[in-house]
>>> print(open('work-v4.cif').read())   # mmCIF, C-alpha atoms
data_work
#
loop_
_atom_site.label_atom_id
_atom_site.label_comp_id
_atom_site.auth_asym_id
_atom_site.auth_seq_id
_atom_site.Cartn_x
_atom_site.Cartn_y
_atom_site.Cartn_z
CA ASP A 1 -37.39 -4.43 64.49
CA ALA A 2 -39.66 -7.35 63.55
CA LYS A 3 -36.79 -9.73 62.77
CA GLY A 4 -35.15 -9.02 66.10
CA ALA A 5 -38.46 -9.37 67.94
CA VAL A 6 -39.07 -12.79 66.39
CA ALA A 7 -35.57 -14.00 67.28
CA LEU A 8 -36.03 -12.77 70.84
CA LEU A 9 -39.57 -14.03 71.40
CA ILE A 10 -39.52 -17.52 69.83
CA PRO A 11 -37.50 -19.11 72.68
CA SER A 12 -39.42 -17.27 75.37
CA VAL A 13 -43.01 -17.88 74.23
CA THR A 14 -44.00 -21.13 75.92
CA ALA A 15 -47.18 -22.74 77.22
CA GLY A 16 -46.95 -20.60 80.35
CA SER A 17 -46.64 -17.30 78.48
CA ALA A 18 -49.30 -14.61 78.68
CA PRO A 19 -51.69 -14.08 75.73
CA ASP A 20 -49.93 -10.81 74.81
CA SER A 21 -46.67 -12.68 74.23
CA TYR A 22 -48.29 -14.88 71.55
CA LEU A 23 -49.92 -11.83 69.97
CA THR A 24 -46.66 -9.87 69.87
CA LEU A 25 -44.77 -12.76 68.29
CA ALA A 26 -47.54 -13.37 65.71
CA ARG A 27 -47.58 -9.67 64.73
CA ALA A 28 -43.81 -9.68 64.24
CA GLN A 29 -44.01 -12.83 62.12
CA GLN A 30 -46.77 -11.30 60.04
CA GLU A 31 -44.67 -8.18 59.42
CA LEU A 32 -41.94 -10.45 58.06
CA GLY A 33 -44.43 -12.15 55.73
CA GLN A 34 -44.35 -15.37 57.76
CA GLN A 35 -48.10 -15.98 57.54
CA GLU A 36 -48.07 -19.70 58.27
CA GLU A 37 -45.70 -19.25 61.24
CA ALA A 38 -47.98 -16.51 62.62
CA ILE A 39 -50.98 -18.85 62.38
CA GLN A 40 -49.05 -21.61 64.17
CA THR A 41 -48.11 -19.17 66.95
CA LEU A 42 -51.74 -18.16 67.41
CA VAL A 43 -52.87 -21.79 67.38
CA ARG A 44 -50.41 -22.51 70.19
CA GLY A 45 -51.80 -19.45 71.94
CA MET A 46 -55.31 -20.87 71.62
CA GLN A 47 -54.12 -24.16 73.09
CA ALA A 48 -52.73 -22.32 76.12
CA HIS A 49 -55.55 -19.77 76.44
CA GLN A 50 -58.82 -21.23 75.14
CA ASP A 51 -60.87 -18.27 76.41
CA SER A 52 -58.68 -15.48 75.00
CA GLU A 53 -60.89 -13.33 72.77
CA ASN A 54 -57.86 -11.34 71.59
CA ILE A 55 -56.02 -14.41 70.33
CA ALA A 56 -59.20 -15.74 68.72
CA ALA A 57 -59.79 -12.41 66.94
CA ALA A 58 -56.17 -12.27 65.74
CA LEU A 59 -56.37 -15.85 64.44
CA LEU A 60 -59.60 -15.12 62.62
CA GLU A 61 -57.99 -12.11 60.94
CA GLN A 62 -54.87 -14.10 60.05
CA LEU A 63 -56.97 -16.84 58.43
CA LYS A 64 -58.23 -14.28 55.90
CA HIS A 65 -54.70 -14.07 54.49
CA LEU A 66 -53.92 -17.73 53.90
CA PRO A 67 -51.84 -18.77 50.86
CA ASP A 68 -53.63 -19.00 47.50
CA ASP A 69 -52.91 -22.73 47.38
CA VAL A 70 -56.16 -24.51 48.27
CA GLU A 71 -54.38 -27.58 49.67
CA LYS A 72 -52.31 -25.40 52.00
CA ARG A 73 -55.50 -23.77 53.24
CA LYS A 74 -57.00 -27.19 53.94
CA GLN A 75 -53.83 -28.22 55.77
CA GLU A 76 -54.07 -25.16 58.00
CA CYS A 77 -57.67 -26.10 58.82
CA ASP A 78 -56.59 -29.65 59.70
CA ALA A 79 -53.83 -28.22 61.92
CA ILE A 80 -56.19 -26.06 63.98
CA ARG A 81 -59.04 -28.60 64.09
CA PRO A 82 -57.75 -30.47 67.19
CA VAL A 83 -57.35 -27.15 69.02
CA VAL A 84 -60.64 -25.40 68.32
CA ARG A 85 -62.74 -28.47 67.32
CA ALA A 86 -65.72 -26.32 66.32
CA GLY A 87 -66.84 -22.74 66.26
CA ASP A 88 -66.04 -19.53 64.42
CA ILE A 89 -62.31 -20.10 64.01
CA LEU A 90 -62.57 -23.48 62.30
CA ALA A 91 -65.51 -22.16 60.26
CA ALA A 92 -63.43 -19.17 59.12
CA CYS A 93 -60.56 -21.43 58.11
CA LEU A 94 -62.83 -23.70 56.11
CA TYR A 95 -64.51 -20.67 54.55
CA SER A 96 -61.16 -19.39 53.28
CA ALA A 97 -60.56 -22.70 51.48
CA GLY A 98 -64.09 -22.75 50.07
CA ARG A 99 -63.81 -19.14 48.92
CA LYS A 100 -60.65 -19.91 46.97
CA LEU A 101 -62.29 -22.91 45.30
CA GLN A 102 -65.25 -20.75 44.35
CA ASP A 103 -62.89 -18.14 42.89
CA LEU A 104 -61.44 -20.93 40.74
CA GLY A 105 -64.91 -21.81 39.46
CA LYS A 106 -65.11 -25.05 41.46
CA SER A 107 -68.49 -24.31 43.01
CA GLY A 108 -69.34 -27.93 43.82
CA GLU A 109 -66.17 -28.44 45.86
CA ALA A 110 -66.64 -25.04 47.48
CA ALA A 111 -70.20 -25.90 48.50
CA ALA A 112 -69.04 -29.08 50.26
CA ILE A 113 -66.52 -27.10 52.31
CA TYR A 114 -69.04 -24.33 53.06
CA LYS A 115 -71.42 -27.00 54.37
CA GLU A 116 -68.70 -28.19 56.74
CA ALA A 117 -67.99 -24.60 57.76
CA VAL A 118 -71.65 -23.97 58.64
CA ALA A 119 -71.70 -27.20 60.69
CA ALA A 120 -68.54 -26.10 62.53
CA SER A 121 -70.05 -22.71 63.30
CA ASP A 122 -73.33 -24.27 64.49
CA ALA A 123 -71.48 -26.71 66.77
CA GLY A 124 -69.57 -23.98 68.61
CA PRO A 125 -70.57 -20.91 70.60
CA ALA A 126 -72.24 -18.34 68.34
CA LYS A 127 -69.90 -15.43 69.04
CA ARG A 128 -69.48 -13.96 65.54
CA PRO A 129 -72.70 -14.00 63.51
CA ASP A 130 -71.05 -11.79 60.86
CA GLU A 131 -68.62 -14.62 60.03
CA LEU A 132 -71.46 -17.15 59.70
CA SER A 133 -73.36 -14.67 57.53
CA ARG A 134 -70.48 -14.48 55.02
CA ILE A 135 -70.39 -18.27 54.77
CA LEU A 136 -74.15 -18.59 54.26
CA PHE A 137 -74.05 -15.89 51.57
CA ASP A 138 -71.35 -17.54 49.45
CA TYR A 139 -72.73 -21.03 50.14
CA ALA A 140 -76.09 -20.03 48.61
CA TYR A 141 -74.39 -18.79 45.43
CA ALA A 142 -72.15 -21.88 45.25
CA ILE A 143 -75.17 -24.18 44.99
CA ASP A 144 -77.27 -21.85 42.82
CA ALA A 145 -78.33 -24.38 40.18
CA PRO A 146 -81.76 -25.59 39.04
CA ALA A 147 -81.53 -28.79 41.10
CA SER A 148 -80.47 -26.95 44.26
CA ILE A 149 -82.40 -23.69 44.06
CA GLU A 150 -84.67 -24.52 47.01
CA GLU A 151 -81.68 -25.31 49.20
CA ALA A 152 -80.04 -22.04 48.16
CA LEU A 153 -83.20 -20.14 49.05
CA LYS A 154 -83.30 -21.78 52.49
CA LEU A 155 -79.71 -20.72 53.14
CA ASN A 156 -80.58 -17.20 52.04
CA GLU A 157 -83.67 -17.15 54.29
CA ARG A 158 -81.56 -18.15 57.28
CA ASN A 159 -79.02 -15.46 56.39
CA LEU A 160 -81.72 -12.81 56.02
CA ASP A 161 -82.97 -13.58 59.51
CA LEU A 162 -79.41 -13.54 60.86
CA ARG A 163 -78.61 -10.20 59.21
CA LEU A 164 -81.88 -8.69 60.43
CA ARG A 165 -81.02 -9.61 64.03
CA THR A 166 -77.34 -8.69 63.72
CA PHE A 167 -77.30 -5.54 61.59
CA GLY A 168 -80.90 -4.27 61.56
CA ARG A 169 -83.75 -3.92 59.07
CA ASP A 170 -82.28 -0.90 57.27
CA SER A 171 -78.72 -2.18 57.02
CA ASN A 172 -76.77 -2.58 53.79
CA GLU A 173 -76.00 -6.15 54.88
CA ARG A 174 -79.70 -7.04 54.89
CA ALA A 175 -80.19 -5.29 51.54
CA GLU A 176 -77.33 -7.33 50.06
CA ALA A 177 -79.08 -10.54 51.18
CA LEU A 178 -82.36 -9.28 49.67
CA VAL A 179 -80.57 -8.74 46.35
CA GLN A 180 -79.22 -12.28 46.54
CA ARG A 181 -82.74 -13.58 47.17
CA GLY A 182 -84.00 -11.64 44.17
CA ARG A 183 -81.31 -13.17 41.97
CA LEU A 184 -82.15 -16.67 43.23
CA GLN A 185 -85.86 -16.08 42.58
CA THR A 186 -84.95 -14.86 39.08
CA ASP A 187 -83.01 -18.08 38.45
CA ALA A 188 -86.10 -19.99 39.64
CA GLU A 189 -88.23 -17.93 37.18
CA ARG A 190 -90.34 -16.57 40.05
CA TYR A 191 -90.33 -13.09 38.66
CA ASP A 192 -93.00 -11.51 40.90
CA ASP A 193 -91.07 -12.64 43.97
CA ALA A 194 -87.81 -11.38 42.46
CA ILE A 195 -89.31 -7.95 41.76
CA ARG A 196 -90.49 -7.74 45.37
CA GLU A 197 -87.06 -8.63 46.79
CA PHE A 198 -85.15 -6.22 44.51
CA SER A 199 -87.64 -3.44 45.32
CA SER A 200 -87.20 -4.04 49.05
CA ALA A 201 -83.42 -3.84 48.66
CA LEU A 202 -83.73 -0.61 46.68
CA ASP A 203 -85.85 0.88 49.47
CA VAL A 204 -83.03 0.22 51.92
CA TYR A 205 -80.22 1.41 49.64
CA GLY A 206 -82.25 4.41 48.50
CA SER A 207 -82.73 5.64 52.07
CA ARG A 208 -79.05 6.67 51.88
CA THR A 209 -76.94 8.00 49.03
CA LYS A 210 -77.67 6.12 45.82
CA GLY A 211 -74.39 4.45 44.95
CA ARG A 212 -72.91 1.33 43.40
CA ASP A 213 -75.07 -1.14 45.35
CA PHE A 214 -78.25 0.72 44.43
CA ALA A 215 -77.23 0.78 40.75
CA LEU A 216 -76.54 -2.97 40.65
CA ALA A 217 -79.83 -3.80 42.38
CA GLU A 218 -81.65 -1.57 39.91
CA ASN A 219 -79.94 -3.34 37.03
CA TYR A 220 -81.01 -6.75 38.35
CA LEU A 221 -84.58 -5.46 38.72
CA ALA A 222 -84.46 -4.18 35.13
CA GLY A 223 -83.49 -7.66 33.93
CA VAL A 224 -86.63 -9.13 35.51
CA LEU A 225 -88.85 -6.34 34.17
CA ARG A 226 -87.53 -7.06 30.66
CA ARG A 227 -88.38 -10.75 31.05
CA GLU A 228 -91.89 -9.73 32.12
CA GLY A 229 -92.29 -7.63 28.97
CA GLN A 230 -91.93 -4.28 30.76
CA VAL A 231 -89.18 -3.19 28.39
CA GLU A 232 -89.54 0.60 28.69
CA GLN A 233 -89.46 0.43 32.51
CA ALA A 234 -86.39 -1.78 32.27
CA ARG A 235 -84.63 0.78 30.05
CA GLU A 236 -85.42 3.60 32.52
CA LYS A 237 -83.98 1.60 35.42
CA GLN A 238 -80.79 0.75 33.55
CA LEU A 239 -80.21 4.28 32.31
CA GLU A 240 -80.59 5.53 35.89
CA ALA A 241 -78.17 2.85 37.10
CA LEU A 242 -75.63 3.91 34.47
CA SER A 243 -76.07 7.56 35.51
CA ILE A 244 -75.53 6.69 39.18
CA LEU A 245 -72.30 4.86 38.39
CA GLY A 246 -71.06 8.05 36.75
CA LYS A 247 -67.29 8.20 37.10
CA GLN A 248 -67.19 4.43 37.54
CA SER A 249 -68.05 4.02 33.85
CA ASP A 250 -65.00 1.82 33.20
CA THR A 251 -65.87 -0.82 35.80
CA TRP A 252 -67.41 -4.28 35.51
CA GLU A 253 -70.55 -2.85 37.14
CA ALA A 254 -71.00 -0.38 34.27
CA ALA A 255 -70.29 -3.12 31.73
CA THR A 256 -73.00 -5.28 33.31
CA VAL A 257 -75.52 -2.45 32.99
CA LEU A 258 -74.47 -1.80 29.37
CA THR A 259 -75.02 -5.48 28.55
CA GLY A 260 -78.49 -5.16 30.06
CA LEU A 261 -79.19 -2.09 27.94
CA ALA A 262 -78.04 -4.01 24.86
CA THR A 263 -80.55 -6.73 25.70
CA VAL A 264 -83.37 -4.19 26.13
CA SER A 265 -82.49 -2.45 22.86
CA GLU A 266 -82.55 -5.81 21.08
CA ALA A 267 -86.01 -6.53 22.53
CA GLU A 268 -87.19 -3.17 21.17
CA GLY A 269 -85.77 -3.90 17.71
CA ARG A 270 -83.03 -1.28 18.03
CA TYR A 271 -80.32 -3.58 16.72
CA HIS A 272 -77.62 -1.00 15.91
CA GLU A 273 -78.07 0.54 19.36
CA SER A 274 -77.89 -2.92 20.90
CA GLU A 275 -74.60 -3.54 19.08
CA SER A 276 -73.20 -0.21 20.31
CA TYR A 277 -74.05 -0.92 23.96
CA ALA A 278 -72.71 -4.48 23.69
CA ARG A 279 -69.40 -3.34 22.16
CA GLN A 280 -68.95 -0.80 24.98
CA ALA A 281 -69.59 -3.57 27.51
CA VAL A 282 -67.14 -5.95 25.82
CA ASP A 283 -64.40 -3.30 25.67
CA ILE A 284 -64.78 -2.39 29.34
CA MET A 285 -64.99 -5.98 30.56
CA ALA A 286 -62.04 -7.10 28.43
CA ALA A 287 -59.96 -4.35 30.04
CA VAL A 288 -61.14 -5.44 33.50
CA VAL A 289 -60.30 -9.09 32.88
CA GLY A 290 -56.94 -8.11 31.40
CA SER A 291 -56.00 -6.29 34.62
CA TRP A 292 -56.14 -9.34 36.90
CA HIS A 293 -52.42 -10.02 36.62
CA LEU A 294 -51.89 -6.51 38.00
CA GLU A 295 -54.43 -6.67 40.82
CA PRO A 296 -55.89 -10.13 41.51
CA THR A 297 -59.31 -10.13 43.17
CA ASN A 298 -62.10 -12.53 44.03
CA TYR A 299 -64.03 -11.47 40.92
CA ASP A 300 -61.75 -13.11 38.34
CA ASN A 301 -64.11 -15.86 37.17
CA TYR A 302 -67.16 -13.69 37.67
CA SER A 303 -65.79 -11.03 35.34
CA LYS A 304 -64.74 -13.61 32.74
CA SER A 305 -68.29 -14.90 32.86
CA GLU A 306 -69.65 -11.37 32.43
CA LEU A 307 -67.28 -10.82 29.49
CA GLY A 308 -68.59 -14.00 27.89
CA THR A 309 -72.16 -12.82 28.41
CA SER A 310 -71.36 -9.43 26.86
CA ILE A 311 -69.77 -11.09 23.82
CA GLN A 312 -72.79 -13.36 23.47
CA GLN A 313 -75.08 -10.32 23.53
CA LEU A 314 -72.92 -8.65 20.86
CA ALA A 315 -73.28 -11.78 18.74
CA GLY A 316 -77.06 -11.56 19.14
CA ALA A 317 -77.11 -7.97 17.92
CA LEU A 318 -74.95 -8.88 14.91
CA ARG A 319 -77.26 -11.80 14.10
CA ASP A 320 -80.30 -9.50 14.27
CA GLU A 321 -78.56 -7.15 11.82
CA GLY A 322 -78.04 -10.04 9.41
CA ARG A 323 -74.25 -10.14 9.93
CA PHE A 324 -74.23 -13.88 10.44
CA ALA A 325 -70.53 -14.59 9.89
CA ASP A 326 -69.60 -11.97 12.50
CA ALA A 327 -72.24 -13.35 14.88
CA VAL A 328 -70.90 -16.90 14.61
CA GLU A 329 -67.36 -15.66 15.24
CA GLN A 330 -68.41 -13.82 18.41
CA ASP A 331 -70.52 -16.77 19.63
CA ALA A 332 -67.45 -19.01 19.32
CA LYS A 333 -65.45 -16.60 21.50
CA ALA A 334 -68.25 -16.47 24.08
CA ALA A 335 -68.61 -20.26 24.11
CA ASP A 336 -64.88 -20.79 24.72
CA LEU A 337 -64.79 -18.22 27.50
CA LEU A 338 -67.93 -19.42 29.29
CA ALA A 339 -66.90 -23.09 29.00
CA ALA A 340 -63.59 -22.22 30.69
CA VAL A 341 -65.41 -20.63 33.62
CA HIS A 342 -68.49 -22.85 33.92
CA ALA A 343 -68.97 -26.57 33.42
CA ARG A 344 -69.04 -27.21 29.68
CA ALA A 345 -72.65 -28.43 29.69
CA THR A 346 -74.24 -25.71 31.83
CA ALA A 347 -76.87 -23.43 30.32
CA ALA A 348 -74.37 -20.55 30.38
CA ALA A 349 -71.78 -22.48 28.37
CA LEU A 350 -74.27 -23.96 25.91
CA GLY A 351 -76.11 -20.69 25.20
CA PRO A 352 -73.63 -19.31 22.65
CA ILE A 353 -73.50 -22.68 20.87
CA GLU A 354 -77.28 -22.70 20.48
CA ASP A 355 -77.19 -19.05 19.35
CA SER A 356 -74.57 -19.97 16.77
CA GLY A 357 -76.86 -22.69 15.45
CA THR A 358 -79.64 -20.12 15.11
CA ALA A 359 -77.30 -17.81 13.19
CA TYR A 360 -76.40 -20.60 10.76
CA LEU A 361 -80.12 -21.37 10.36
CA TYR A 362 -81.01 -17.76 9.48
CA TRP A 363 -77.94 -17.62 7.24
CA GLY A 364 -79.28 -20.54 5.24
CA HIS A 365 -76.41 -22.88 6.22
CA TYR A 366 -78.75 -25.66 7.28
CA ALA A 367 -76.23 -28.49 7.48
CA GLN A 368 -73.94 -26.45 9.73
CA ALA A 369 -76.93 -25.39 11.84
CA GLU A 370 -77.87 -29.04 12.33
CA ARG A 371 -74.31 -29.99 13.32
CA THR A 372 -74.18 -27.11 15.82
CA PHE A 373 -77.51 -28.01 17.44
CA ARG A 374 -76.45 -31.67 17.62
CA ASP A 375 -73.24 -30.60 19.37
CA ALA A 376 -75.29 -28.78 22.01
CA LEU A 377 -77.60 -31.79 22.43
CA ASP A 378 -74.66 -34.20 22.75
CA ARG A 379 -73.20 -32.07 25.54
CA LEU A 380 -76.54 -32.05 27.32
CA ASP A 381 -76.81 -35.85 27.00
CA LYS A 382 -73.34 -36.31 28.48
CA ARG A 383 -74.24 -34.00 31.37
CA ASP A 384 -77.43 -35.92 32.20
CA LYS A 385 -75.78 -39.37 32.19
#
>>> encode(input="work-v4.cif", output="structure tokens")
Amino acid sequence: DAKGAVALLIPSVTAGSAPDSYLTLARAQQELGQQEEAIQTLVRGMQAHQDSENIAAALLEQLKHLPDDVEKRKQECDAIRPVVRAGDILAACLYSAGRKLQDLGKSGEAAAIYKEAVAASDAGPAKRPDELSRILFDYAYAIDAPASIEEALKLNERNLDLRLRTFGRDSNERAEALVQRGRLQTDAERYDDAIREFSSALDVYGSRTKGRDFALAENYLAGVLRREGQVEQAREKQLEALSILGKQSDTWEAATVLTGLATVSEAEGRYHESESYARQAVDIMAAVVGSWHLEPTNYDNYSKSELGTSIQQLAGALRDEGRFADAVEQDAKAADLLAAVHARATAAALGPIEDSGTAYLYWGHYAQAERTFRDALDRLDKRDK
């Protein structure tokens, strides 16, 4: 058994042992849940056998299962740094720490570690372009902010080229990077460019079975079409996306599409319909967020952000219907949720506060509207200082 194998192998695995001995010991330790010990065994194996592809591959895989504690992940990276110095293994270790920080909503800290991971990968032999591609992808999203949009686009451009050479023009990996580029161009308000990128991604996804990835790309495209005033085309895209998701109608993907449909309905003046779509989205996303304690995933903060956006859209529909008290109540919920996920003075966190001020204004509560708008301005001032 694994426990017996570990007891037997620990004394016998020394600097002169063959690569298979290190691998066997690490596998036994992993079976016993001794993740850190398994990593240490593989690091010692790398010290003894620098050119062993099997040990390197096993270490890379093991680094994907580091403890949730960010500091422990950083400590593991520091432990292997003297052994590997640079290259895919150190980059993968750093990526795991950055990924955890990003999951916690600490995008700035994550970006700094991703930058170090890219440098480590560039300094070593380029043996695993797929690992570098993952880092570049998350790095671009980590720095996706108005002041850094050009840098994010450059990272995405490098990744697109890498994925083209590694996976091919018609690969899902390249399509995923095209979708990311479309989202970055949307954030930069370059809507024609965004439409082109999303359409290119849809061409790739559509050449196979239209599934989840196709539906999400279509939903993102619909969002840009709505901004460009092409509301009916946006509705058609989102209804098709919802139809494609089909049995996945209780997922965050479906909730995202429903929120988009609520936005389109609002733009068309269909306020009751907008409220209905928004409530469906809120119910689904609340259930998704509430399930994290059962099945933790990397989408925790993302889904909380989407829930906040859905609630904000619901508030907008209620405001349009003249139900101002209900709108203000929902805006407050959205503001609290988005502020917990994003920095308190980001556009995402301030949006519901500004919407609440608008609701008070339409409601005729001018003094409260002024106080609410001043609150938003004060937060912006603090951010800019």
>>> resolve_selection(input="work-v4.cif", expression="the PyMOL selection byres ((chain A and resi 91) around 9)", output="mmCIF file with C-alpha atoms, keeping the file's coordinate frame")
data_model
loop_
_atom_site.group_PDB
_atom_site.id
_atom_site.type_symbol
_atom_site.label_atom_id
_atom_site.label_comp_id
_atom_site.auth_asym_id
_atom_site.auth_seq_id
_atom_site.Cartn_x
_atom_site.Cartn_y
_atom_site.Cartn_z
ATOM 1 C CA CYS A 77 -57.670 -26.100 58.820
ATOM 2 C CA ALA A 86 -65.720 -26.320 66.320
ATOM 3 C CA GLY A 87 -66.840 -22.740 66.260
ATOM 4 C CA ASP A 88 -66.040 -19.530 64.420
ATOM 5 C CA ILE A 89 -62.310 -20.100 64.010
ATOM 6 C CA LEU A 90 -62.570 -23.480 62.300
ATOM 7 C CA ALA A 92 -63.430 -19.170 59.120
ATOM 8 C CA CYS A 93 -60.560 -21.430 58.110
ATOM 9 C CA LEU A 94 -62.830 -23.700 56.110
ATOM 10 C CA TYR A 95 -64.510 -20.670 54.550
ATOM 11 C CA SER A 96 -61.160 -19.390 53.280
ATOM 12 C CA TYR A 114 -69.040 -24.330 53.060
ATOM 13 C CA GLU A 116 -68.700 -28.190 56.740
ATOM 14 C CA ALA A 117 -67.990 -24.600 57.760
ATOM 15 C CA VAL A 118 -71.650 -23.970 58.640
ATOM 16 C CA ALA A 119 -71.700 -27.200 60.690
ATOM 17 C CA ALA A 120 -68.540 -26.100 62.530
ATOM 18 C CA SER A 121 -70.050 -22.710 63.300
ATOM 19 C CA GLU A 131 -68.620 -14.620 60.030
ATOM 20 C CA LEU A 132 -71.460 -17.150 59.700
ATOM 21 C CA ILE A 135 -70.390 -18.270 54.770
#
>>> resolve_selection(input="work-v4.cif", expression="the PyMOL selection byres ((chain A and resi 217) around 12)", output="ChimeraX atom specification")
/A:172,175-183,194-206,210-216,218-224,237-238,240-242,244,253,256-257
>>> closest_residue(input="work-v4.cif", among="A:Glu236, A:Glu157, A:Asp69, A:Asp326", to="Gln185 of chain A", atoms="all atoms listed in the file")
A:Glu157
>>> resolve_selection(input="work-v4.cif", expression="the PyMOL selection byres ((chain A and resi 285) around 12)", output="number ranges by chain")
A: 249-259, 278-284, 286-292, 299-311
>>> axis_aligned_box(input="work-v4.cif", around="segment 363-381 of chain A", padding_each_side="5 Å", output="lines of an AutoDock Vina configuration file")
center_x = -76.2
center_y = -26.7
center_z = 16.3
size_x = 16.1
size_y = 28.2
size_z = 32.1
>>> atom_distance(input="work-v4.cif", atom1="atom CA of Gly246 of chain A", atom2="atom CA of Asp103 of chain A")
28.1 Å
>>> atom_distance(input="work-v4.cif", atom1="atom CA of Ala334 of chain A", atom2="atom CA of Gly322 of chain A")
18.8 Å
>>> residues_around(input="work-v4.cif", residues="Leu160 of chain A", least_positions_apart="4", cutoff="7 Å", atoms="only C-alpha atoms", output="number ranges by chain")
A: 156, 164, 174, 177
>>> residues_near_point(input="work-v4.cif", point="(-76.3, 0.2, 22.0)", cutoff="10 Å", atoms="only C-alpha atoms", output="PDB file with C-alpha atoms, in the frame of the given file")
ATOM      1  CA  LEU A 258     -74.470  -1.800  29.370  1.00  0.00           C
ATOM      2  CA  THR A 259     -75.020  -5.480  28.550  1.00  0.00           C
ATOM      3  CA  GLY A 260     -78.490  -5.160  30.060  1.00  0.00           C
ATOM      4  CA  LEU A 261     -79.190  -2.090  27.940  1.00  0.00           C
ATOM      5  CA  ALA A 262     -78.040  -4.010  24.860  1.00  0.00           C
ATOM      6  CA  THR A 263     -80.550  -6.730  25.700  1.00  0.00           C
ATOM      7  CA  VAL A 264     -83.370  -4.190  26.130  1.00  0.00           C
ATOM      8  CA  SER A 265     -82.490  -2.450  22.860  1.00  0.00           C
ATOM      9  CA  GLU A 266     -82.550  -5.810  21.080  1.00  0.00           C
ATOM     10  CA  ARG A 270     -83.030  -1.280  18.030  1.00  0.00           C
ATOM     11  CA  TYR A 271     -80.320  -3.580  16.720  1.00  0.00           C
ATOM     12  CA  HIS A 272     -77.620  -1.000  15.910  1.00  0.00           C
ATOM     13  CA  GLU A 273     -78.070   0.540  19.360  1.00  0.00           C
ATOM     14  CA  SER A 274     -77.890  -2.920  20.900  1.00  0.00           C
ATOM     15  CA  GLU A 275     -74.600  -3.540  19.080  1.00  0.00           C
ATOM     16  CA  SER A 276     -73.200  -0.210  20.310  1.00  0.00           C
ATOM     17  CA  TYR A 277     -74.050  -0.920  23.960  1.00  0.00           C
ATOM     18  CA  ALA A 278     -72.710  -4.480  23.690  1.00  0.00           C
ATOM     19  CA  ARG A 279     -69.400  -3.340  22.160  1.00  0.00           C
ATOM     20  CA  GLN A 280     -68.950  -0.800  24.980  1.00  0.00           C
ATOM     21  CA  ALA A 281     -69.590  -3.570  27.510  1.00  0.00           C
ATOM     22  CA  LEU A 314     -72.920  -8.650  20.860  1.00  0.00           C
ATOM     23  CA  ALA A 317     -77.110  -7.970  17.920  1.00  0.00           C
TER      24      ALA A 317
END
>>> closest_residue(input="work-v4.cif", among="A:Ile39, A:Ala340, A:Leu9, A:Ala79", to="Lys106 of chain A", atoms="only C-alpha atoms")
A:Ala340
>>> closest_residue(input="work-v4.cif", among="A:Ala56, A:Phe373, A:Val6, A:Pro11", to="Leu25 of chain A", atoms="only C-alpha atoms")
A:Val6
>>> residues_around(input="work-v4.cif", residues="Lys115 of chain A", least_positions_apart="6", cutoff="12 Å", atoms="only C-alpha atoms", output="NGL selection string")
:A and (91 or 94-95 or 98 or 108-109 or 121-122 or 132 or 135-140 or 142-143 or 151-152 or 155)
>>> residues_around(input="work-v4.cif", residues="Ala325 of chain A", least_positions_apart="6", cutoff="12 Å", atoms="only C-alpha atoms", output="PyMOL selection string")
chain A and resi 315-316+318-319+331-332+356-365
>>> residues_around(input="work-v4.cif", residues="Arg27 of chain A", least_positions_apart="3", cutoff="12 Å", atoms="only C-alpha atoms", output="list in words")
Asp1, Ala2, Lys3, Ala5, Val6, Leu9, Asp20, Ser21, Tyr22, Leu23, Thr24, Gln30, Glu31, Leu32, Gly33, Gln34, Gln35, Glu36, Glu37, Ala38, Ile39, Thr41, Leu42, Ile55, Ala58, Leu59, Glu61 and Gln62 of chain A
